[in-house]
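Engineer: Structure: structure-v1.txt, compact mmCIF, C-alpha atoms.
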# COMPACT_ATOMS: atom_id res chain seq x y z
CA MET I 171 -8.03 -14.13 35.03
CA GLU I 172 -11.65 -13.24 34.33
CA GLY I 173 -10.56 -11.48 31.15
CA ILE I 174 -8.84 -14.60 29.87
CA PHE I 175 -11.96 -16.71 30.44
CA ASP I 176 -14.05 -14.03 28.70
CA MET I 177 -11.75 -14.18 25.67
CA THR I 178 -12.33 -17.91 25.21
CA LYS I 179 -16.06 -17.36 24.96
CA LYS I 180 -15.83 -14.80 22.19
CA PRO I 181 -15.29 -15.60 18.50
CA PHE I 182 -11.74 -14.95 17.36
CA VAL I 183 -12.83 -13.31 14.12
CA ASP I 184 -16.42 -12.11 13.75
CA PHE I 185 -17.38 -9.15 11.60
CA GLN I 186 -20.97 -9.06 12.88
CA GLY I 187 -22.30 -7.71 9.60
CA LYS I 188 -19.72 -4.94 9.27
CA LYS I 189 -19.04 -4.03 5.65
CA VAL I 190 -15.64 -4.49 4.05
CA LEU I 191 -14.59 -3.19 0.64
CA VAL I 192 -12.19 -5.53 -1.18
CA SER I 193 -10.30 -4.37 -4.27
CA GLY I 194 -9.11 -6.98 -6.73
CA ALA I 195 -12.18 -9.01 -5.80
CA SER I 196 -12.49 -10.56 -9.23
CA SER I 197 -9.68 -13.11 -8.81
CA GLY I 198 -6.80 -14.53 -6.79
CA PHE I 199 -6.25 -13.27 -3.26
CA GLY I 200 -9.16 -10.85 -3.50
CA ARG I 201 -11.72 -13.53 -4.31
CA ALA I 202 -10.43 -15.82 -1.56
CA ILE I 203 -10.48 -12.96 0.94
CA CYS I 204 -14.09 -12.11 0.04
CA ILE I 205 -15.15 -15.71 0.58
CA GLU I 206 -13.34 -15.93 3.93
CA LEU I 207 -14.71 -12.58 5.14
CA SER I 208 -18.24 -13.60 4.23
CA ARG I 209 -17.83 -16.81 6.27
CA ARG I 210 -16.78 -14.60 9.17
CA GLY I 211 -19.93 -12.52 9.02
CA ALA I 212 -18.85 -9.54 6.91
CA GLY I 213 -20.94 -7.66 4.38
CA LEU I 214 -18.97 -7.11 1.19
CA ILE I 215 -18.37 -4.56 -1.50
CA LEU I 216 -16.58 -6.32 -4.34
CA LEU I 217 -14.41 -3.92 -6.33
CA GLY I 218 -12.85 -4.78 -9.66
CA ARG I 219 -12.73 -4.02 -13.37
CA ASN I 220 -14.22 -7.24 -14.71
CA GLU I 221 -17.92 -7.40 -13.93
CA ALA I 222 -18.34 -11.00 -15.09
CA GLN I 223 -15.56 -12.12 -12.73
CA LEU I 224 -16.98 -10.01 -9.88
CA ARG I 225 -20.30 -11.82 -10.37
CA ILE I 226 -18.52 -15.17 -10.06
CA THR I 227 -17.03 -13.99 -6.75
CA ALA I 228 -20.48 -12.79 -5.65
CA GLU I 229 -21.90 -16.26 -6.31
CA GLN I 230 -19.19 -17.85 -4.17
CA VAL I 231 -19.42 -15.65 -1.09
CA GLU I 232 -21.61 -16.73 1.80
CA SER I 233 -23.38 -13.47 2.52
CA ASP I 234 -26.58 -11.77 1.39
CA ASP I 235 -25.04 -8.35 1.91
CA VAL I 236 -22.94 -8.14 -1.27
CA HIS I 237 -22.55 -5.21 -3.63
CA LEU I 238 -20.52 -4.97 -6.82
CA LEU I 239 -18.47 -1.93 -7.74
CA LYS I 240 -16.99 -1.95 -11.23
CA LEU I 241 -14.21 0.60 -11.40
CA ASP I 242 -10.90 1.20 -13.11
CA LEU I 243 -8.58 1.89 -10.18
CA THR I 244 -6.33 4.14 -12.22
CA ALA I 245 -9.25 6.56 -12.73
CA PHE I 246 -8.33 8.13 -9.39
CA SER I 247 -10.84 10.98 -9.54
CA GLU I 248 -13.72 8.49 -9.81
CA ILE I 249 -12.79 6.57 -6.67
CA TYR I 250 -14.22 8.79 -3.93
CA PRO I 251 -17.54 9.60 -5.65
CA HIS I 252 -18.22 5.89 -6.19
CA ILE I 253 -17.25 4.94 -2.62
CA LYS I 254 -19.36 7.76 -1.22
CA ALA I 255 -22.36 6.75 -3.33
CA ILE I 256 -22.19 3.09 -2.37
CA SER I 257 -21.87 3.91 1.34
CA GLU I 258 -24.81 6.32 1.16
CA ALA I 259 -26.93 3.69 -0.54
CA ASN I 260 -25.93 0.70 1.58
CA GLY I 261 -24.51 1.92 4.87
CA ARG I 262 -21.17 2.94 6.28
CA ILE I 263 -18.04 0.91 5.60
CA TYR I 264 -15.96 -0.66 8.38
CA GLY I 265 -12.99 -1.99 6.47
CA PHE I 266 -10.97 -1.95 3.29
CA CYS I 267 -8.62 -4.57 1.91
CA HIS I 268 -6.47 -3.52 -1.03
CA SER I 269 -5.83 -6.75 -2.84
CA ALA I 270 -5.64 -5.40 -6.37
CA GLY I 271 -2.14 -5.58 -7.77
CA VAL I 272 -0.13 -5.91 -10.93
CA VAL I 273 3.38 -7.18 -11.53
CA GLU I 274 5.72 -6.79 -14.46
CA THR I 275 8.93 -8.77 -14.33
CA ARG I 276 11.76 -6.98 -16.16
CA PRO I 277 15.50 -6.86 -15.67
CA MET I 278 16.96 -3.42 -14.98
CA ASN I 279 18.13 -2.87 -18.53
CA ALA I 280 14.63 -3.49 -19.90
CA ILE I 281 12.64 -1.43 -17.37
CA ARG I 282 10.08 0.93 -18.88
CA ILE I 283 8.81 3.98 -17.02
CA GLU I 284 5.28 3.08 -18.17
CA GLY I 285 5.57 -0.32 -16.50
CA LEU I 286 6.89 1.18 -13.27
CA ARG I 287 4.11 3.74 -13.30
CA GLN I 288 1.42 1.12 -13.81
CA MET I 289 2.64 -0.84 -10.79
CA LEU I 290 2.79 2.32 -8.68
CA ASP I 291 -0.67 3.38 -9.88
CA VAL I 292 -2.44 0.12 -9.04
CA ASN I 293 -0.38 -1.32 -6.19
CA TYR I 294 0.31 1.92 -4.32
CA LEU I 295 -1.57 5.06 -5.42
CA ALA I 296 -4.95 3.39 -5.93
CA GLY I 297 -4.60 1.75 -2.52
CA ILE I 298 -3.93 5.08 -0.85
CA GLU I 299 -6.78 6.82 -2.66
CA LEU I 300 -9.21 4.02 -1.82
CA ALA I 301 -8.14 4.12 1.82
CA ARG I 302 -8.56 7.91 1.82
CA ALA I 303 -12.10 7.55 0.48
CA VAL I 304 -13.10 4.76 2.88
CA CYS I 305 -11.59 6.55 5.90
CA ARG I 306 -13.55 9.72 5.37
CA ARG I 307 -15.73 10.55 8.35
CA ASP I 308 -18.83 10.53 6.17
CA VAL I 309 -18.07 7.02 4.84
CA MET I 310 -16.47 4.93 7.59
CA THR I 311 -18.30 3.52 10.60
CA GLU I 312 -18.17 6.11 13.37
CA ASP I 313 -16.47 3.91 15.95
CA GLY I 314 -13.41 3.28 13.79
CA GLY I 315 -12.37 0.73 11.23
CA SER I 316 -9.63 -1.35 9.71
CA ILE I 317 -7.50 -1.03 6.59
CA LEU I 318 -5.32 -3.83 5.21
CA PHE I 319 -2.98 -3.58 2.26
CA ILE I 320 -1.90 -6.84 0.65
CA SER I 321 1.82 -6.26 0.20
CA SER I 322 4.48 -8.88 -0.52
CA VAL I 323 7.66 -10.43 0.85
CA TYR I 324 9.20 -8.39 -1.94
CA SER I 325 8.59 -5.32 0.23
CA HIS I 326 11.31 -6.82 2.47
CA ALA I 327 13.52 -8.83 0.13
CA GLY I 328 14.83 -8.12 -3.34
CA ALA I 329 14.52 -10.32 -6.40
CA ALA I 330 15.95 -10.07 -9.89
CA GLY I 331 13.54 -8.49 -12.33
CA GLN I 332 11.35 -7.04 -9.58
CA THR I 333 12.71 -3.51 -9.11
CA GLY I 334 9.36 -1.89 -9.89
CA TYR I 335 7.23 -4.38 -7.97
CA CYS I 336 9.50 -4.28 -4.89
CA GLY I 337 9.40 -0.48 -4.96
CA SER I 338 5.61 -0.33 -5.18
CA LYS I 339 5.12 -2.78 -2.29
CA GLY I 340 7.80 -1.16 -0.12
CA ALA I 341 6.07 2.20 -0.62
CA LEU I 342 2.81 0.64 0.50
CA ASN I 343 4.32 -0.69 3.75
CA ALA I 344 5.92 2.67 4.57
CA ALA I 345 2.71 4.58 3.83
CA ALA I 346 0.66 2.17 5.92
CA ARG I 347 2.80 2.92 8.97
CA ALA I 348 2.25 6.66 8.53
CA MET I 349 -1.48 6.15 8.09
CA ALA I 350 -1.59 3.97 11.21
CA ILE I 351 -0.14 6.82 13.27
CA GLU I 352 -2.37 9.48 11.78
CA LEU I 353 -5.60 7.48 12.01
CA ALA I 354 -5.12 5.91 15.45
CA ARG I 355 -6.91 8.88 17.04
CA ARG I 356 -10.03 7.79 15.14
CA ARG I 357 -9.59 4.11 16.10
CA ILE I 358 -8.77 3.21 12.53
CA ARG I 359 -6.15 0.46 12.27
CA VAL I 360 -3.87 0.21 9.26
CA ASN I 361 -1.77 -2.87 8.55
CA THR I 362 -0.08 -4.77 5.76
CA LEU I 363 0.14 -8.44 4.93
CA SER I 364 3.23 -9.69 3.12
CA PRO I 365 2.67 -13.05 1.44
CA GLY I 366 5.43 -15.07 -0.13
CA LEU I 367 4.85 -17.14 -3.22
CA VAL I 368 1.20 -18.04 -3.65
CA ARG I 369 -0.19 -19.73 -6.71
CA THR I 370 -2.55 -17.31 -8.50
CA THR I 371 -3.12 -16.28 -12.11
CA MET I 372 -0.90 -13.24 -11.52
CA THR I 373 2.03 -15.21 -10.12
CA ASP I 374 1.61 -17.84 -12.84
CA GLU I 375 1.97 -15.08 -15.43
CA ALA I 376 5.07 -13.70 -13.70
CA PHE I 377 6.49 -17.22 -13.42
CA SER I 378 5.95 -17.92 -17.08
CA LYS I 379 8.69 -15.40 -17.83
CA LEU I 380 11.23 -17.19 -15.66
CA SER I 381 13.33 -20.22 -16.51
CA VAL I 382 12.53 -23.64 -15.01
CA GLU I 383 15.62 -23.32 -12.81
CA GLN I 384 14.57 -19.86 -11.57
CA ARG I 385 11.07 -21.11 -10.77
CA GLN I 386 12.39 -24.12 -8.87
CA LYS I 387 14.79 -21.93 -6.93
CA ILE I 388 11.95 -19.67 -5.78
CA GLU I 389 9.78 -22.63 -4.78
CA ASP I 390 12.67 -24.20 -2.88
CA ALA I 391 13.16 -20.94 -0.98
CA HIS I 392 9.82 -21.51 0.81
CA PRO I 393 10.53 -24.15 3.49
CA LEU I 394 6.83 -24.87 4.00
CA GLY I 395 6.20 -24.89 0.27
CA ILE I 396 4.21 -22.33 -1.70
CA GLY I 397 1.01 -20.93 -0.27
CA THR I 398 -2.60 -20.86 -1.35
CA PRO I 399 -5.00 -17.91 -1.68
CA GLU I 400 -6.90 -19.41 1.27
CA ASP I 401 -3.80 -19.09 3.48
CA VAL I 402 -3.72 -15.39 2.64
CA ALA I 403 -7.47 -15.03 3.12
CA ARG I 404 -7.42 -16.42 6.66
CA ALA I 405 -4.60 -14.08 7.68
CA ALA I 406 -6.36 -11.14 6.05
CA ALA I 407 -9.56 -11.85 7.98
CA PHE I 408 -7.53 -11.98 11.21
CA MET I 409 -5.85 -8.62 10.53
CA LEU I 410 -9.11 -6.93 9.54
CA ALA I 411 -11.23 -8.39 12.36
CA PRO I 412 -12.72 -5.91 14.85
CA GLN I 413 -11.60 -8.17 17.72
CA ASN I 414 -7.94 -7.42 16.98
CA ARG I 415 -8.28 -3.84 18.12
CA TRP I 416 -4.65 -3.39 19.22
CA ILE I 417 -2.86 -4.32 16.00
CA THR I 418 -1.89 -1.33 13.91
CA GLY I 419 1.11 -0.22 11.86
CA ALA I 420 2.10 -3.88 11.65
CA ASP I 421 3.16 -6.11 8.80
CA LEU I 422 2.27 -9.79 9.00
CA VAL I 423 4.67 -11.87 6.95
CA LEU I 424 3.04 -15.01 5.59
CA ASP I 425 5.61 -16.83 3.56
CA GLY I 426 6.19 -20.44 4.61
CA GLY I 427 9.53 -19.42 6.08
CA TYR I 428 10.92 -17.58 3.04
CA LEU I 429 12.21 -14.56 5.00
CA ALA I 430 13.38 -16.58 8.00
CA GLN I 431 16.43 -17.84 6.12
CA MET X 57 -20.09 30.81 -4.83
CA LYS X 58 -23.26 31.30 -2.81
CA ILE X 59 -23.42 30.85 0.95
CA GLU X 60 -25.12 27.43 0.71
CA GLU X 61 -22.42 26.22 -1.68
CA ALA X 62 -19.70 27.55 0.60
CA LEU X 63 -21.18 25.75 3.61
CA ALA X 64 -21.42 22.50 1.61
CA TRP X 65 -17.79 22.99 0.53
CA ILE X 66 -16.65 23.47 4.14
CA ALA X 67 -18.67 20.41 5.26
CA ASN X 68 -16.98 18.34 2.57
CA VAL X 69 -13.51 19.56 3.56
CA PHE X 70 -14.11 18.40 7.12
CA GLU X 71 -16.02 15.26 6.05
CA GLU X 72 -19.18 16.32 7.88
CA PRO X 73 -22.79 16.01 6.69
CA SER X 74 -23.93 19.31 5.15
CA ASP X 75 -26.70 19.78 7.73
CA LYS X 76 -24.16 19.80 10.57
CA VAL X 77 -22.29 22.86 9.31
CA ASN X 78 -23.72 26.39 9.43
CA ARG X 79 -22.37 29.91 9.81
CA ASP X 80 -22.27 29.75 13.60
CA THR X 81 -20.65 26.33 13.95
CA PRO X 82 -17.57 26.71 16.17
CA ARG X 83 -14.29 24.98 15.35
CA ASP X 84 -14.49 22.65 18.32
CA ALA X 85 -17.85 21.30 17.11
CA ILE X 86 -16.14 19.90 14.00
CA GLN X 87 -14.14 16.81 14.90
CA ALA X 88 -11.87 16.93 11.87
CA TRP X 89 -10.94 20.60 12.44
CA ASP X 90 -7.95 19.72 14.58
CA SER X 91 -4.26 20.44 13.89
CA LEU X 92 -4.26 18.17 10.83
CA GLY X 93 -7.59 19.65 9.77
CA MET X 94 -5.98 23.10 9.73
CA LEU X 95 -3.36 21.81 7.31
CA THR X 96 -6.13 20.34 5.18
CA LEU X 97 -7.95 23.69 5.16
CA MET X 98 -4.75 25.55 4.21
CA SER X 99 -4.07 23.20 1.33
CA VAL X 100 -7.59 23.19 -0.15
CA LEU X 101 -7.92 26.98 0.07
CA ASP X 102 -4.64 27.21 -1.83
CA GLU X 103 -5.41 24.49 -4.40
CA GLU X 104 -9.03 25.34 -5.13
CA PHE X 105 -9.11 29.14 -4.72
CA GLU X 106 -5.45 30.17 -4.78
CA ILE X 107 -5.94 31.66 -1.32
CA PHE X 108 -2.70 31.34 0.59
CA LEU X 109 -2.95 31.67 4.37
CA SER X 110 -0.23 31.37 6.95
CA GLU X 111 -0.44 28.84 9.73
CA ASP X 112 -1.12 31.69 12.18
CA GLN X 113 -4.03 32.95 10.10
CA VAL X 114 -5.58 29.50 9.96
CA GLN X 115 -4.90 29.02 13.66
CA ASP X 116 -6.87 32.21 14.41
CA MET X 117 -10.01 30.88 12.73
CA LYS X 118 -12.47 29.85 15.41
CA SER X 119 -15.67 29.19 13.51
CA VAL X 120 -17.16 28.45 10.12
CA ASP X 121 -17.97 32.15 9.85
CA ASP X 122 -14.24 32.91 9.92
CA ILE X 123 -13.74 30.65 6.88
CA LEU X 124 -16.62 32.38 5.12
CA ASP X 125 -14.93 35.74 5.86
CA VAL X 126 -11.77 34.54 4.15
CA LEU X 127 -13.70 33.36 1.09
CA ARG X 128 -15.62 36.67 1.04
CA SER X 129 -12.50 38.83 1.33
CA HIS X 130 -10.99 37.01 -1.67
CA GLY X 131 -14.08 37.52 -3.79
CA MET X 132 -15.11 33.86 -3.69
CA LEU X 133 -18.36 34.34 -1.76
CA GLN X 134 -21.47 36.23 -2.80
CA ASP X 135 -23.80 36.94 0.12
CA GLY X 136 -27.54 37.03 -0.27
Render the structure in this file as structure tokens.
Structural biologist:
Amino acid sequence: MEGIFDMTKKPFVDFQGKKVLVSGASSGFGRAICIELSRRGAGLILLGRNEAQLRITAEQVESDDVHLLKLDLTAFSEIYPHIKAISEANGRIYGFCHSAGVVETRPMNAIRIEGLRQMLDVNYLAGIELARAVCRRDVMTEDGGSILFISSVYSHAGAAGQTGYCGSKGALNAAARAMAIELARRRIRVNTLSPGLVRTTMTDEAFSKLSVEQRQKIEDAHPLGIGTPEDVARAAAFMLAPQNRWITGADLVLDGGYLAQ
Amino acid sequence: MKIEEALAWIANVFEEPSDKVNRDTPRDAIQAWDSLGMLTLMSVLDEEFEIFLSEDQVQDMKSVDDILDVLRSHGMLQDG
């Protein structure tokens, strides 16, 4: 019983200054996650390609411990040296949230290998390489850490025109489970978050290629309506938080009931 | 490769600070040199130096000096 009373006294999510690297920090989920993490006491490394947009995120976060890292995620060989340099200059990193992602909606008969490869590069391979860099013993905090990949309900359910995107997100979920097993010995947790339809610039672009009827059908498939980046950000902070030390290899579906049907 | 470069290379493979790895460092003093670490060592020796070792050979290595011996015997290490 004493343990239960102790739990009520402690903050549910408190990063206590621990540093978290967030990819895709220049917009959408990534920006919202950065803002939420900063409110929960995290230091931040904002990773993205667009420096002007990263600066806008930096102005919105509520932390003095903020660093920008401008990097093209498909330049894989540059990832580790940059992560190593920023951790040497500013301190070890506790967490990583891979929020960067791209989507190209194409029916099967119009799929291009280049489009598939781009989604795999950004959504999957860059996430793995970033996690590899952050998890190195000379980069991550010595008492463990937390990795979170922003996946999608499309890692669980299919959708017309999303063969490449579904594949890239499904790969991410499968890889995260393997990483969770391998890294548990070092107290590093690895999880995924699978949001349903959330209004962002990226989903607006994908939606613009669908008919009005298709768009309405997708919206109607979310019993609680479509989500906001802030919904995703709160769940991401929960999954990354050091207090949730026993959650690993898990996928948190966050979809307003989309997959429950 | 000179000895200092080889030690820095080994430290990087096992994600240790360079000053924590020297000739006499035993395997059990390097946290990452566990069963997965042996696989890592096998793969980087193969990829970077085309040195192919069996699992048994890697298993027999007990210290940093044993890795240096392998590099030396394949002409990758210049002493002195």
Engineer: Met310 of chain I: which residues within 6 Å, counting all atoms listed in the file, same-chain residues fewer than 3 positions away excluded, as a PyMOL selection string?
Structural biologist: chain I and resi 262-264+304-305+307
Engineer: Set the distance at 8 Å and use only C-alpha atoms: which residues neighbour Leu124 of chain X once local chain neighbours fewer than 4 positions away are removed? I'd like the list as an MDAnalysis selection string.
Structural biologist: chainID X and resid 62 79 120 128 133
Engineer: If you take only C-alpha atoms and a cut-off of 9 Å, which residues of chain I touch chain X, and what are their nearest atom pairs and distances in Å to one decimal, in chain and number order, as JSON lines?
Structural biologist:
{"residue": "I:Arg306", "atom": "CA", "partner": "X:Glu71", "partner_atom": "CA", "distance": 6.1}
{"residue": "I:Arg307", "atom": "CA", "partner": "X:Glu71", "partner_atom": "CA", "distance": 5.2}
{"residue": "I:Asp308", "atom": "CA", "partner": "X:Glu71", "partner_atom": "CA", "distance": 5.5}
{"residue": "I:Val309", "atom": "CA", "partner": "X:Glu71", "partner_atom": "CA", "distance": 8.6}
{"residue": "I:Glu352", "atom": "CA", "partner": "X:Leu92", "partner_atom": "CA", "distance": 8.9}
Engineer: Take atom CA of Asp425 of chain I and atom CA of Met289 of chain I and report the distance between them in Å, one decimal.
Structural biologist: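 If I compute the distance from atom CA of Asp425 of chain I to atom CA of Met289 of chain I, I get 21.7 Å.
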Engineer: With all atoms listed in the file as the counted atoms, please give the residues lying no more than 6 Å from Leu224 of chain I, apart from itself and same-chain residues fewer than 3 positions off, as number ranges by chain.
Structural biologist: I: 196, 221, 227
Engineer: Do you know which residues are at most 8 Å from Leu241 of chain I counting all atoms listed in the file, after dropping those on the same chain fewer than 4 positions away, and could you put them as a PyMOL selection string?
Structural biologist: chain I and resi 217-219+245+249
Engineer: Which polymer residues have any atom within 10 Å of an atom of Ala195 of chain I, counting all atoms listed in the file, with same-chain residues fewer than 6 positions away left out, as a count of residues only?
Structural biologist: 24
Engineer: Please, what distance in Å, to one decimal, runs between atom CA of Ala406 of chain I and atom CA of Val272 of chain I?
Structural biologist: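 Result for atom CA of Ala406 of chain I versus atom CA of Val272 of chain I: 18.8 Å, one decimal.
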Engineer: Using all atoms listed in the file, find the one residue out of X:Lys76, X:His130, X:Arg83, X:Lys118 that sits nearest to Phe105 of chain X.
Structural biologist: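 The closest residue to Phe105 of chain X is X:His130.
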Engineer: Measuring atom to atom with only C-alpha atoms, identify which of I:Ile358, I:Ser325, I:Gln332, I:Gly426 is nearest to Asn279 of chain I.
Structural biologist: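 Once distances to Asn279 of chain I are computed over only C-alpha atoms, the minimum belongs to I:Gln332.
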Engineer: Between atom CA of Tyr335 of chain I and atom CA of Val273 of chain I, what is the distance, to one decimal in Å?
Structural biologist: 5.9 Å
Engineer: Could you give me the axis-aligned bounding box of segment 290-309 of chain I, with 4 Å of padding per side, as centre plus edge lengths in Å to one decimal, as lines of an AutoDock Vina configuration file?
Structural biologist:
center_x = -8.0
center_y = 4.6
center_z = -0.8
size_x = 29.6
size_y = 19.9
size_z = 26.2
Engineer: Select, from X:Asp135, X:Val114, X:Ser119, X:Ser74, the residue with the minimum atom-to-atom distance to Thr96 of chain X, counting all atoms listed in the file.
Structural biologist: X:Val114
Engineer: In terms of the shortest atom-to-atom distance over all atoms listed in the file, which of I:Ala341, I:Gln413, I:Ala350, I:Thr275 is closest to Glu375 of chain I?
Structural biologist: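 For Glu375 of chain I, the nearest of the candidates is I:Thr275.
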Engineer: Could you rebuild segment 114-130 of chain X with N, CA and C atoms and give it back as a CSV table (one decimal), keeping the file's coordinate frame?
Structural biologist:
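Wrote it out as result_16.csv, contents follow:
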chain,number,residue,atom,x,y,z
X,114,VAL,N,-4.7,30.6,9.9
X,114,VAL,CA,-5.6,29.5,10.0
X,114,VAL,C,-5.8,29.2,11.4
X,115,GLN,N,-4.8,29.3,12.2
X,115,GLN,CA,-4.9,29.0,13.7
X,115,GLN,C,-5.9,30.0,14.3
X,116,ASP,N,-6.0,31.2,13.8
X,116,ASP,CA,-6.9,32.2,14.4
X,116,ASP,C,-8.3,32.0,14.1
X,117,MET,N,-8.6,31.1,13.1
X,117,MET,CA,-10.0,30.9,12.7
X,117,MET,C,-10.7,30.1,13.8
X,118,LYS,N,-11.8,30.5,14.3
X,118,LYS,CA,-12.5,29.8,15.4
X,118,LYS,C,-13.8,29.3,15.1
X,119,SER,N,-14.3,29.7,13.9
X,119,SER,CA,-15.7,29.2,13.5
X,119,SER,C,-15.8,29.1,12.0
X,120,VAL,N,-16.9,28.5,11.6
X,120,VAL,CA,-17.2,28.4,10.1
X,120,VAL,C,-17.3,29.9,9.5
X,121,ASP,N,-17.8,30.8,10.3
X,121,ASP,CA,-18.0,32.2,9.8
X,121,ASP,C,-16.6,32.8,9.5
X,122,ASP,N,-15.6,32.4,10.2
X,122,ASP,CA,-14.2,32.9,9.9
X,122,ASP,C,-13.8,32.4,8.6
X,123,ILE,N,-14.1,31.2,8.2
X,123,ILE,CA,-13.7,30.6,6.9
X,123,ILE,C,-14.5,31.4,5.8
X,124,LEU,N,-15.8,31.6,6.1
X,124,LEU,CA,-16.6,32.4,5.1
X,124,LEU,C,-16.0,33.8,4.9
X,125,ASP,N,-15.5,34.4,6.0
X,125,ASP,CA,-14.9,35.7,5.9
X,125,ASP,C,-13.7,35.7,4.9
X,126,VAL,N,-12.9,34.7,5.0
X,126,VAL,CA,-11.8,34.5,4.2
X,126,VAL,C,-12.2,34.4,2.7
X,127,LEU,N,-13.2,33.5,2.5
X,127,LEU,CA,-13.7,33.4,1.1
X,127,LEU,C,-14.3,34.7,0.6
X,128,ARG,N,-15.0,35.4,1.4
X,128,ARG,CA,-15.6,36.7,1.0
X,128,ARG,C,-14.6,37.7,0.7
X,129,SER,N,-13.5,37.8,1.5
X,129,SER,CA,-12.5,38.8,1.3
X,129,SER,C,-11.7,38.6,0.1
X,130,HIS,N,-11.7,37.3,-0.4
X,130,HIS,CA,-11.0,37.0,-1.7
X,130,HIS,C,-11.9,36.9,-2.9
